[in-house]
Each structure stands twice: as C-alpha cells, then as structure tokens.
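Chemist: The following block contains the structure, expressed as structure tokens.
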Number of protein chains: 2
Amino acid sequence: MTLDARAEILLKTLIERYIAEGQPVGSRTLARQAGLELSPATVRNVMADLEDMGLVRSPHTSAGRVPTERGYRVFVDTLLKVKPLNAGELYKLEHELLANHDPHHLIENASHILSEICNLAGIVTAPRREEQLAFRHIDFMSLSGQRILVILVTQDGQVHNRIIQAEREYSPAELVQAANYFNETYSGVSMNDVKRALLSEIQQASDDMQRIMQVAVRMARAALSTEEEPEELVVSGESKLMDFPELGDVRKLRKLFDAFTAKSDLLQLLDQSMRAGGVKIFIGSESGYEVLADCSVVTAPYSADGRIVGTLGVVGPTRMAYEQVIAMVDITARLLSGALSSGERANRLESTNR
Amino acid sequence: MTLDARAEILLKTLIERYIAEGQPVGSRTLARQAGLELSPATVRNVMADLEDMGLVRSPHTSAGRVPTERGYRVFVDTLLKVKPLNAGELYKLEHELLANHDPHHLIENASHILSEICNLAGIVTAPRREEQLAFRHIDFMSLSGQRILVILVTQDGQVHNRIIQAEREYSPAELVQAANYFNETYSGVSMNDVKRALLSEIQQASDDMQRIMQVAVRMARAALSTEEEPEELVVSGESKLMDFPELGDVRKLRKLFDAFTAKSDLLQLLDQSMRAGGVKIFIGSESGYEVLADCSVVTAPYSADGRIVGTLGVVGPTRMAYEQVIAMVDITARLLSGALSSGERANRLESTNR
DNA sequence: GCTTGGCACTCGACCGGGGGGAGTGCTAAA
DNA sequence: TTTAGCACTCCCCCCGGTCGAGTGCCAAGC
C-alpha cells in the first residue's frame, strides 16, 4: 500500500503535468517528463498499480490518467514542495494589502489580492472580535420620532452604527448626558465586560439609579442586543472560475455562484478551519458540500493581537496550483494578521514551510 | 414605413411568443397564435415586410423569425402594455423592501428584491446626496500615532467614517474641543456650505483664529477632502443570468460578470439615465457597451425628498419580459424614493402608466 | 523478477453524408 | 388581397468510417 520512490515521482509528475495542462496524461508523455529513463510500458505498469490504489483513474479506456481526490491528497500531504514567494512578489503583495489601514478595507483588499495572485476566487471572513475589544466611545443621536442612532467605536477604531427604536422620544440634551455617563463609566472596558455590566446594572437597583444613567443603560442595552451582525464573508473574483474548462458547465457554475451568494455553506467551512492553525486544504468532496465537489478550498486563519479572528482562503478547481496557492494563502494570512495587530510592524514572517 | 394594425399585432404576438419561448417563431405558429384568422402564407408576406423594415430577422433560411433590436424598440415604445402589479405582489414588495430603514440596507434590499421578482440581475447605485444634506455631528478620535478617526453624521442618520493622517499628535482634550467647536458652528448647515466655509476660513485670517478652531478646521478639511468615496453600485442575483440559454456561452458570461465587478461601465450608464426621469430602457447595443450587446437594461431614477439621488434597475437578456419588468422597476423606484424621504409615509403611488 | 518492445484493442474526436422536419419564397389561382 | 401549393433551403440528428492516442497484455530480454 505504500508507494516506492519511483511511483511517487511518477505520481508527482503526473499531477504537476495535469495541473498545468488540464488533460489526461499518457504513459509516453509521463515517461519523457519524469526524467527517469523509463519506457512507456513500465510507466503503464506503475500506473496500473496507482489505479489499484485509487490515486489515479482514466476518464475512459484510452485516455491517459487523471488524479483522483485521494491522489491529490497524497500529493498535497507528502509530495508537494511549497514554493515560497520571491522578494518581488512579496513586496507587491504587502504593498497592495497595506494600501489602506481601515480594517474593513483590509479584508476587502485581502480577498481581492488573493483572487488576483492565485487567479481563483478569494474568500475572507470578516473579523469577529468585537467581544474581546475594549469599548471606546459611544454616541446617541435622535433621528425622526423615536428612532435613535447609536454610534459605537471600539478600541481598534472600528465604527459600528445601529438604529434602535426607543420607547419614548428623548431630548438631545438627555442623549448627550447619557452618552457622557456611558463613556466615562465604561471607557477601556472590554465589550464582553460592558455587556455583562449592563445586564447586572439593569436588573439591580433600577430605581435608585439616576435617570440619566437609566437612559444610558437602556439605550446601550438595546443597541448591544441587536448587535448580532450576520457574520460577513467577502468573496472576490468569482468570475475567474469561469476560465477553467472543468467547471465550464453552466449548471455547475450556477450552483457554485449561488453558494457564493448564499455564503452559509462557505462560512461554515471557514469557521471549521478557524480552529486548526495553519493552512488547511479541502479537496473535492472532503469539504462535505456538494457544490464544492469539483473544487478545492485552501484556507488559513488570521489573527489580531495573537488571537484568531477570522479565516481567509481561495476556492478553485481541484486542479489548482497548490504549490503556489498554499504559500500565497499562508503569507496573506500572516500579512493580514500583522496589519490587524496593534504592534503593527512586529509581523514576524518566519517562513515555516509545512 | 409605418406599420398597419395587422402588422403591429403580428409583431407584438411574435415578440411575446419569442420572449416566452426563446425560439424563432414560424408563420404557422404565429398565424394560430395571433387570433387573426390569417393563413400562414399571409403571415409570411407580412413577415417579409417586417424584415425589410429591420424589425425581425431569420437566424437562417428556414428558421422562423426573431425580433431585432429595432423590433424590440418598437415593441417597447408603442406596442407593449405595461402590466401593473397586483395588490398581493405590491404588498409583498413593499413589505420586503421596508424591512429595514437604514439607507444602506434599503438599497441592498432594493437590489435583491429587483433581482428576485424579475429573475434578472438587480443593480442599484448608492445615493449621492451628501452634498445636499445638512451636517449634523462630527467626532474626532485619535488612533495609534498620528492617525485620527473622523466620524461624520449627516442629517439623515448616515454615518461616514474616515481615517486621516495628522501632522502631529493631538491630545484627546484638544480633539473633543475641536469637535465641540465644529458641531456648534456648523450644525444644520448643508455639507456643501460647510465645505465652502472651510475653504474660506482656512485661507483667511488663519493667524488670529483660536488654536482649537484651527485644529477643528484642519481636521475637517482633511476628512472632507478625502471624502471622495468611490460611487457605489450594488449588484444582486448575477447568477440568475446563467439560466438564459442565449447568454449560456461561458466566455460571454465571463465578460458580463467582469463588467459587474468593474462597475464603471454600468455606473456610467446608470448615471446617464439619472438625468431623465422615469423608466429608461437600453436594448442591446443601445447602451453603447459591447458587453451589454445581448442584454437589455431597464432603469429608473429614485429620489429622496424630491431630489433624484440615484438609479436602480435590472440587467437581463434582450429577450426579457419587459411588460412586467418595467412595472417592477418603476414601482421599486417609487417605493425606495418614499422610504428615503423624510415624510416617509407620504409616498403617493399614483399608477402612471407610461 | 523487473523492464521492455510489440501488438491488438478500445475509445473519443473529427468528418462527411443522408434523412427528416420546419419554415421560407414564389407563383398562380380564387 | 388572400390563399393554397410547391420547390427549396437549411438545421439537426444519426450513422458510419477513419484517425490518433493510449491502454493492457504477452513474450522476450536483461
């Protein structure tokens, strides 16, 4: 069941060739390509063995061999040599990613860049870390009627705004006072603790609290309970996938694009790979989602201040240039982590090959 | 060169049939469908005339007729009877659109709904009306180093935030004072006037201004000069276009999707149709953009408080159900206009057929 | 025992031809 | 002016044949 060295070389060559050309590889081509001084006939024997092991298959009787999912798996796990980026690429990547420091722009950029350099669809989940961040500033502003605009700023400079429905109208003065009270009381406290504090403050002693405090607490509570922003997923360059002939079937493409729009499946997949550190690769049906049957997904979590807050990656056909893609996903995750961390320039990019 | 009544009926029937079926319509079918008690032979004669006029054509010698762009044009301009929505559809539309009152959600919703009810791609330009809106509130907050977060709220409750690079570090107290000064001075003034005022304030008498005012003016100026947010375009349901066989060619689709991503061409087209009031229809090459050669675009401007602020519409194959689509684009524009206007419930939906 | 050359075989891609069907244009008659 | 008839055209589909690539197997060679 184990591969000898020759079989490994042949499998590796076959997969590389198939990734490059997209067409079944015959014994003659493979014999020439592998640099092993073997005749096509020998190669054929090896191929028969590989086929028995389920690592390659023929689309039809006389059509050369194509890697199977298991074949790709072996390739990715044991055969492939990740190609690190050269200095020029790295510089360009870094330069483009850091063009804008606003967190939201950063993740949009990351998605776009991933898509561009890999020529695949780039996907990035928006960071989820409000809970850990410190509260910084809040503002209440009354809109028409009883609708109140709440602006919340967290330590990292992210601005969140929501509209809440109050139970009565409030004067501007009241709102300003409430905001002041709140800002003074909670500045620097983590959002988690703010929420906890709000909960206890409101159930205890609501009578003997100052009216203004009551107002502030009530507002903030309403704002933070509607807090549940749907988790965000940024997808870029989907249309790049239309260039791959193996996905050229419009019906398949339709399903894939719908999955990009619905986002839920992809989010689940990405969430899943958030737990494990490092680059993770889902080949074909390994992802567990039918739409991704002919696709591979390469992901890596990214962090802010040492804490993992999201995942990024690419989606492409199983036949993708893993050697480069893995390095690019990896490096992008590192760069993004660095950019999102406060000690910004401390992003050590130790090149740890897997 | 003018069409007699019979020719009109036949052209109308042909186009309706073609829109429904997507296949060339022959004389026999047409004769039966039109309800005119005519023989196929007579219909053939009429078709020959219509072909001379450039309103229909045959894909090949024996294949029935399909409408040309000019044919669609005549159909849309003079033959078609816009189908108003029934009460149920209208209710559902209104209900879904107004699910969220936040301006940004409103336009996302509008795009999504358009795409869903028309089964085409929905497009909406984000409202451009900062200039006319009144300034309401500003906040300055220092981030790491000299980066300063500026939060700007306009009268309608929209929150804009930018990060500017200051020329030195400012203390929190300075920033609060500056914001206070600014809020007191300019509250309620239109953004246009604020900008103008900033310009003159800064060139005149910058020496004898109080230091705090100087700071405020400098900040605001930096923030407002980077104001140029790229005009936004929200596209939904692109993948619906993959269901149309006439767009089924992957290469064409790729170009179309790239145009959706690039946005510039579409924005230009939509901007163009912002000037003219009411529903506007671009059939095939009329749009002037090659990617849209096989597509039609139906647009309508929408307004806020009586002033046109953006355009919405749908993109689909030239063979689209104009009769329904026109009504839906029209009504969506009206509903959105109503929702964006402050006297919110005053949206008179006079059903003015074109 | 592995490797190799040879050989028959299989299958997809491509090409050309023929039948069927849908629809046309034209003509002549009503 | 309308209609019936008819010849014609062209697409679509199916069929059969050829070609080329590549395989599997076998027997000979190292």
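Ligands are numbered from 1 in the order shown, residues from 1 within each chain, and chains are lettered A, B, ... in the order they appear in the structure tokens.
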Write down, as JSON, numbers by chain, each residue of chain B that has any atom within 8 Å of an atom of chain D, counting only C-alpha atoms (C1' of nucleotides).
Modeler: {"B": [39, 41, 42, 60, 61, 62]}
Chemist: For a quick test of understanding: name the residues of chain C lying within 9 Å of chain A when counting only C-alpha atoms (C1' of nucleotides), and present them as an MDAnalysis selection string.
Modeler: chainID C and resid 3:5 10:12
Chemist: If you run DSSP on the backbone, which residues of range 84-150 of chain A are helix (DSSP H, G or I), as a PyMOL selection string?
Modeler: chain A and resi 87-97+103-118
Chemist: How close does chain B get to chain A? List, as CSV, each residue of chain B within 7 Å, its nearest atom pair and the distance in Å to one decimal, counting only C-alpha atoms.
Modeler:
```
residue,atom,partner,partner_atom,distance
B:Leu143,CA,A:Gly157,CA,6.6
B:Leu149,CA,A:Gly157,CA,6.8
B:Gly157,CA,A:Leu143,CA,6.5
B:Ser239,CA,A:Arg254,CA,6.0
B:Met242,CA,A:Arg254,CA,6.3
B:Gly248,CA,A:Val250,CA,6.8
B:Val250,CA,A:Met242,CA,6.7
B:Arg254,CA,A:Ser239,CA,6.0
B:Phe257,CA,A:Ser239,CA,6.2
B:Asp258,CA,A:Ser239,CA,6.7
```
Chemist: Restricted to C-alpha atoms, what would the selected residues look like written as a tab-separated table (two decimals), in the first residue's frame?
Modeler:
```
chain	number	residue	atom	x	y	z
B	143	LEU	CA	-5.93	56.20	16.98
B	149	LEU	CA	-10.61	58.70	13.18
B	157	GLY	CA	-28.57	59.48	10.12
B	239	SER	CA	-26.10	34.23	-11.29
B	242	MET	CA	-26.77	31.97	-16.22
B	248	GLY	CA	-25.04	30.47	-21.94
B	250	VAL	CA	-19.20	30.95	-20.81
B	254	ARG	CA	-17.32	35.92	-18.10
B	257	PHE	CA	-19.60	39.25	-14.84
B	258	ASP	CA	-16.37	41.16	-15.14
```
Chemist: Might you pull out every residue within 10 Å of Lys263 in chain B, with only C-alpha atoms (C1' of nucleotides) counted and same-chain residues fewer than 5 positions away left off, and present them as a list in words?
Modeler: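 Near Lys263 in chain B, the qualifying residues are Glu231, Glu232, Leu233, Val234, Val235, Phe257, Asp258, Gln268 and Leu269 of chain B.
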Chemist: Please, which residues of range 90-228 of chain B, numbered as in this document, come out strand (DSSP E) from DSSP, as number ranges by chain?
Modeler: B: 121-125, 135-142, 147-154, 159-165
Chemist: Could you pull the residues within 12 Å of Pro103 in chain B, counting only C-alpha atoms (C1' of nucleotides), minus those fewer than 2 positions along the same chain, as a ChimeraX atom specification?
Modeler: /A:162-163 /B:97-101,105-110,126-129,154,156-159,304,336-342
Chemist: Keeping only C-alpha atoms, write the selected residues as an mmCIF file, in the first residue's frame.
Modeler:
```cif
data_model
loop_
_atom_site.group_PDB
_atom_site.id
_atom_site.type_symbol
_atom_site.label_atom_id
_atom_site.label_comp_id
_atom_site.auth_asym_id
_atom_site.auth_seq_id
_atom_site.Cartn_x
_atom_site.Cartn_y
_atom_site.Cartn_z
ATOM 1 C CA ARG A 162 -27.217 50.790 14.599
ATOM 2 C CA ILE A 163 -30.631 52.295 14.781
ATOM 3 C CA LEU B 97 -38.232 46.480 0.884
ATOM 4 C CA LEU B 98 -39.096 48.289 4.075
ATOM 5 C CA ALA B 99 -37.900 45.532 6.378
ATOM 6 C CA ASN B 100 -35.016 47.745 7.393
ATOM 7 C CA HIS B 101 -34.936 51.509 7.376
ATOM 8 C CA HIS B 105 -29.851 48.298 3.889
ATOM 9 C CA LEU B 106 -32.605 49.858 1.850
ATOM 10 C CA ILE B 107 -30.581 49.933 -1.310
ATOM 11 C CA GLU B 108 -29.195 46.446 -0.758
ATOM 12 C CA ASN B 109 -32.736 45.250 -0.270
ATOM 13 C CA ALA B 110 -33.919 47.055 -3.368
ATOM 14 C CA ALA B 126 -25.907 54.147 -3.883
ATOM 15 C CA PRO B 127 -27.449 57.529 -3.200
ATOM 16 C CA ARG B 128 -25.203 60.525 -3.771
ATOM 17 C CA ARG B 129 -26.579 63.244 -1.709
ATOM 18 C CA THR B 154 -25.383 63.714 8.227
ATOM 19 C CA ASP B 156 -30.448 61.511 7.550
ATOM 20 C CA GLY B 157 -28.575 59.479 10.124
ATOM 21 C CA GLN B 158 -25.935 58.154 7.759
ATOM 22 C CA VAL B 159 -22.613 57.662 9.470
ATOM 23 C CA ALA B 304 -35.060 61.424 -1.644
ATOM 24 C CA LEU B 336 -37.427 53.371 -2.474
ATOM 25 C CA SER B 337 -37.941 57.075 -3.042
ATOM 26 C CA GLY B 338 -40.695 57.043 -0.483
ATOM 27 C CA ALA B 339 -38.620 55.171 2.035
ATOM 28 C CA LEU B 340 -35.694 57.564 1.632
ATOM 29 C CA SER B 341 -37.782 60.690 2.018
ATOM 30 C CA SER B 342 -38.330 62.121 5.442
#
```
Chemist: At a cut-off of 10 Å, using only C-alpha atoms (C1' of nucleotides), what residues contact Asp77 in chain B? Leave out same-chain residues fewer than 4 positions from it and give the result as a compact mmCIF listing (two decimals) with C-alpha atoms, in the first residue's frame.
Modeler:
```
# COMPACT_ATOMS: atom_id res chain seq x y z
CA GLY B 71 -38.09 45.34 -33.28
CA TYR B 72 -37.83 45.34 -29.53
CA ARG B 73 -37.58 49.11 -29.60
CA LYS B 81 -48.95 47.28 -22.36
CA ILE B 281 -34.71 51.11 -21.43
CA ARG B 354 -46.18 55.31 -19.46
```
Chemist: Mind checking which residues fall within 10 Å of Ile331 in chain A, counting only C-alpha atoms (C1' of nucleotides), ignoring those fewer than 2 positions away in the same chain, and posting them as a ChimeraX atom specification?
Modeler: /A:84-85,90,93-94,279,300,325-329,333-337,349-351
Chemist: Just the number, please: distance in Å from CA of Asn180 in chain B to CA of Ala223 in chain B, one decimal.
Modeler: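 Distance reported for this atom pair: 16.2 Å.
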Chemist: I'd like the interatomic distance between CA of Ser27 in chain B and CA of Tyr322 in chain B, to a tenth of an Å.
Modeler: 23.4 Å
Chemist: With distances taken over only C-alpha atoms, which residue among A:Ser200, A:Gln23, A:Ser111, A:Thr29 lies nearest Ser58 in chain A?
Modeler: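 For Ser58 in chain A, the nearest of the candidates is A:Gln23.
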Chemist: CA of Ile117 in chain A and CA of Val298 in chain A are how many Å apart?
Modeler: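 Computed distance, CA of Ile117 in chain A to CA of Val298 in chain A, equals 13.8 Å.
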Chemist: Residues at most 10 Å from Arg17 in chain B, counting only C-alpha atoms (C1' of nucleotides), excluding those fewer than 3 positions away in the same chain, as a compact mmCIF listing (two decimals) with C-alpha atoms, in the first residue's frame?
Modeler:
```txt
# COMPACT_ATOMS: atom_id res chain seq x y z
CA LEU B 11 -45.08 41.83 -34.48
CA LYS B 12 -46.41 42.08 -30.96
CA THR B 13 -47.50 38.45 -30.96
CA LEU B 14 -44.20 37.34 -32.38
CA ALA B 20 -41.84 33.36 -23.67
CA GLU B 21 -40.24 30.53 -25.62
CA GLY B 22 -36.87 31.82 -26.68
CA GLN B 23 -37.08 30.23 -30.08
CA PRO B 24 -37.66 31.55 -33.58
CA VAL B 25 -41.35 31.83 -34.39
CA THR B 29 -47.43 29.19 -35.15
CA LEU B 30 -47.82 32.91 -35.49
CA GLN B 33 -51.35 32.50 -32.04
CA ALA B 34 -52.31 35.94 -33.27
CA VAL B 66 -36.76 36.58 -34.15
```
